[in-house]
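Some notes on the structure that comes next.
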Amino acid sequence: MTGQEEAARSTGTAPAASTKALAAGSQVENSGAGLRLDEDNARTELPRMGWCTGLADVLAAAYAGDLHADTSGIVRRREGQGRRVRAALVELLASGGYIAVPRAGRRGPVTVTHDGVIAHRWCVAAPDLLHADHRAAYQARVRVHHTRRTSKQTARDRATRLTPLPHGAEEKRRRAVQMREMEQWAREMQATRERLAVEQADRDARVEQEQAAEWARIQQEAEDLQAAEDDRRDDGLVMSQQGAQEIVMGQDKRRVTVKRISPSIWNAMVGGAVYVVSKEGGEDWPWLVIAPGDTRIGVCSVINNEPYAASVRDIVRAHAGAVERGETCPEWTPFTAAAATAQQSQGQPPATDRHSRSAVQSAKELVPEPNGPEDVGRAMTAAGLPLPVGLPAVGKAYSTPAPARAVALGLNGSRWVVECDRHGPVSMGLNKLGDAVADVAAAYVHDNEQEAADAARAHLKAHARQDADVMTPEDIDAAQALNFSRDQWRTLGWMCEGKVSETADGFTAFDVSPDKADVSKRIRKHLVPRLWVAGFVKVSAIAPGARTFGLTDEGVRALRMWSNAMRIHAVMEPGKDTRHAAVKGSRYRWLSAGETWPGELEKAQAVVEARRAANERAAALRAAEEKTAAERAATPTADELTMLNALSTDGLDATAAAVLSAAYIGHVVTRHRPEATSVRLDEGAGQDRRTVTRTYNLNGVEKPIAPAAGTALSAAPTNLTDATAETWHALCIGVNERCGVYELDLAAALEAGASALALLALLDRAAPCTGPNESGVDDFSSPWRSET
């Protein structure tokens with residue numbers, strides 16, 4: 001709101017914009033073309049706005065300048081002591097931006113905005129579109145706001161306010177505000193992503209540094225251990241205080257230092273020469289020892305998936321000694337697959353385990369461009385060679401990273417979220433329901449990694465269920481042969497849900513709107529019979545002159561296949577209905593023409609009678625249950641009479657009387673209302689007089705006490721006095737001494753009453769008899785009886 005408009009409202013004068021709007025409205029009203037335009041617009045937009053005659057009347061009064069607000073905020077028909085206007089109508093018009101009301105504590109006229117002028121013209125042009133009262137208009141707004149993505153409660157909340165004028169100034173202003181908020185949200189989201197990216201980069205850098213330090217430490221320890229082992233094992237030239245010693249003849253004990261370079265490459269150094277130990281073919285291949293001239297001299301032993309240092313030294317020492325002696329060292333070459341095949345054809349045994357590595361190399365030679373051990377395994381299988389240990393068989397699956405995973409939000413791992421890569425070009429977080437959200441702040445935060453991992457697995461299972469609908473080419477061809485039109489597809493879907501019926505008026509689908517309740521749609525006359533003739537639909541008689549429809553097994557299969565094909569855009573809907581081949585010999589009989597099948601009327605009448613009989617049996621059963629409950633409620637139980645007789649005993653102790661009174665209340669209340677769990681006792685006219693007023697069930701539902709139960713309880717004393725207050729406190733759920741309100745637990749009261757009766761009976765049987773008293777009854781010494 002501008003300062004000029006605020007000043008105008010405070011002084012009671014209309015702003016210039018409103019004056020121009022009023023003038024423009026009067027000019028449009030005077031023209032016939034303007035009236036027709038207003039009527040067309042009103043016919044299109046006014047039903048969706050949900051207006052009533054009261055709103056139009058208040059807007060017309062404001063348009064005429066008859067509404068004024070005083071300092072108390074009350075709007076009147078005229079300035080001074082005029083008739084009041086309903087505050088709810090004024091608030092509704094102000095919420096939609098149709099009128100402008102002065103601020104609280106200020107006096108001035110109620111002005112009409114530009115949107116209000118247009119709305120007034122629409123109301124004048126089409127008064128028949130206005131609802132009769134405010135309640136009907138409210139229900140109309142609820143129906144407009146209740147869509148597939150909007151709940152009923154949200155629609156009710158939105159219906160308490162008027163929507164702005166379509167394409168009006170208020171709507172443009174609100175859209176501008178929303179755009180600014182969305183831009184701000186986008187900037188904040190980008191900043192959050194950048195911040196998380198920087199944090200992730202810092203974490204990765206720290207992890208890499210820690211791994212590098214750990215790797216250097218492990219490498220240094222391995223070198224120290226290897227040097228110590230070499231000093232202990234080598235008996236060759238050893239430097240000491242006595243000088244160089246001779247090499248022991250007959251034994252080649254050269255110093256060979258084996259060092260780990262990477263997880264897949266080791267080096268062996270001897271006399272300045274460097275030998276390489278590596279896996280040339282991949283992770284599942286053996287460790288090969290390669291001399292400085294790229295000559296493969298052998299395969300070393302392996303322990304824990306790493307080369308055995310002693311085996312490497314032996315191979316290197318043998319090769320170095322042969323080179324010094326001038327001997328020619330042949331390259332380690334495996335047998336070819338052709339040679340192995342020739343041996344098998346001549347009846348020779350196949351290659352044994354010692355030739356397995358040669359077979360591997362031969363299989364590699366058969367593959368023009370090997371991509372890994374799987375190709376070699378395929379070649380060896382084709383050549384009939386046995387696979388060496390560790391070589392994967394043909395068809396072995398290789399795992400890939402899961403698209404949904406648990407991600408930690410901090411270094412301490414106390415907060416976790418779930419991300420998935422299958423919802424966009426970037427990874428997106430998941431909320432509590434498993435739906436993808438663009439903002440990481442909106443993702444559901446888990447307390448531990450296990451909980452997040454379980455949520456990720458559940459999300460992957462949902463993707464698997466969606467991927468299970470993948471159609472084969474044969475299924476796509478079958479779906480294309482169906483060639484359902486839009487009306488045929490929708491009608492089959494309605495029949496699958498049991499919403500289509502036929503009467504003498506024709507075919508009707510009930511409650512078919514996804515965002516509105518009780519919306520029906522008429523179906524063309526020949527649409528359902530054609531589907532029935534094709535074998536997709538089955539007919540059932542539910543009453544004389546009424547039928548309902550369902551899908552056969554073929555119809556269910558066709559509907560699912562066509563829906564899947566439409567989902568993946570494998571088919572296109574034709575413009576007209578498709579006539580499928582007929583599988584039924586008889587023609588369809590329309591109820592609108594008075595045609596029925598033989599026996600249809602009898603079957604429909606039998607269905608109606610069976611339904612009526614079932615309703616009568618249910619009604620009789622309910623009546624019998626109500627009668628039994630009424631008789632049970634009107635007849636005191638034996639426990640109730642026992643409690644009443646115990647309360648009438650002379651000389652009963654106050655504590656015992658309080659417990660028995662509470663138990664008596666429990667028996668009476670549960671007899672009239674079995675589901676009651678507690679009762680409320682309010683303080684009456686006397687200070688020590690309480691009466692039962694309300695009952696509560698297990699869910700906290702409150703009901704007034706039954707009149708019959710109140711009458712029965714009023715005849716017996718409550719025995720709730722200041723002396724017995726502590727006893728009642730132990731049997732109550734809550735106590736408010738200030739207001740004199742007690743909430744008695746019925747289960748505790750019944751249990752305490754049963755214990756009190758048992759104790760009284762036990763003490764009466766065990767106590768010695770002192771002889772008959774004045775009334776002729778034996779007197780017993782019992783702590784539950786008072787001394788008086």
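Every chain in the structure tokens has a letter given in the order shown (A, B, ...), and although residue numbers restart at 1 in each chain, ligands are simply numbered from 1 in the order shown.
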
Item to complete: Could you tell me, as a VMD selection string, which residues of stretch 102-326 of chain A DSSP assigns to strand (DSSP E) when given the backbone?
Response: chain A and resid 108 to 109 111 to 112 257 to 262 265 to 270 273 to 278 288 to 290 296 to 299 302 to 303 306 to 307

Worksheet item: Among stretch 681-737 of chain A, which residues carry a DSSP assignment of alpha helix (DSSP H), reported as an NGL selection string?
Response: :A and (707-714 or 725-731)

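Counting from atom CA of A:Arg48, the distance to atom CA of A:Thr163 is 9.2 Å.
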
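Distances to A:Ala191 were evaluated for A:Met49, A:Pro574, A:Ala441, A:Ala638 using only C-alpha atoms, and the minimum falls at A:Ala441.
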
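You will find atom CA of A:Ala132 at 8.2 Å from atom CA of A:Gly54.
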
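Around A:Ser592, within 7 Å and counting only C-alpha atoms, the residues found are Thr503, Ala504, Asp505 and Gly506 of chain A, once anything fewer than 3 positions away on its own chain is removed.
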
Resulting file, chosen residues, N, CA and C atoms, as a compact mmCIF listing (two decimals), in the first residue's frame:
# COMPACT_ATOMS: atom_id res chain seq x y z
N THR A 503 -29.57 -47.91 -16.34
CA THR A 503 -30.98 -47.84 -16.00
C THR A 503 -31.76 -47.56 -17.27
N ALA A 504 -33.03 -47.30 -17.10
CA ALA A 504 -33.85 -46.96 -18.27
C ALA A 504 -33.42 -45.65 -18.90
N ASP A 505 -32.71 -44.80 -18.15
CA ASP A 505 -32.23 -43.53 -18.69
C ASP A 505 -30.93 -43.67 -19.47
N GLY A 506 -30.27 -44.82 -19.41
CA GLY A 506 -29.03 -45.01 -20.14
C GLY A 506 -27.90 -45.42 -19.22

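A straight line drawn from atom CA of A:Trp332 to atom CA of A:Asn304 is 24.1 Å long.
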
Discussion item. Applying 8 Å and only C-alpha atoms, which residues near stretch 95-97 of chain A remain after dropping the ones on its own chain fewer than 5 positions away? List them as a count of residues only.
Written reply: 9

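Proximity ranking of A:Leu288, A:Leu196, A:Ile261, A:Asp70 relative to A:Gln220 places A:Ile261 first, based on only C-alpha atoms.
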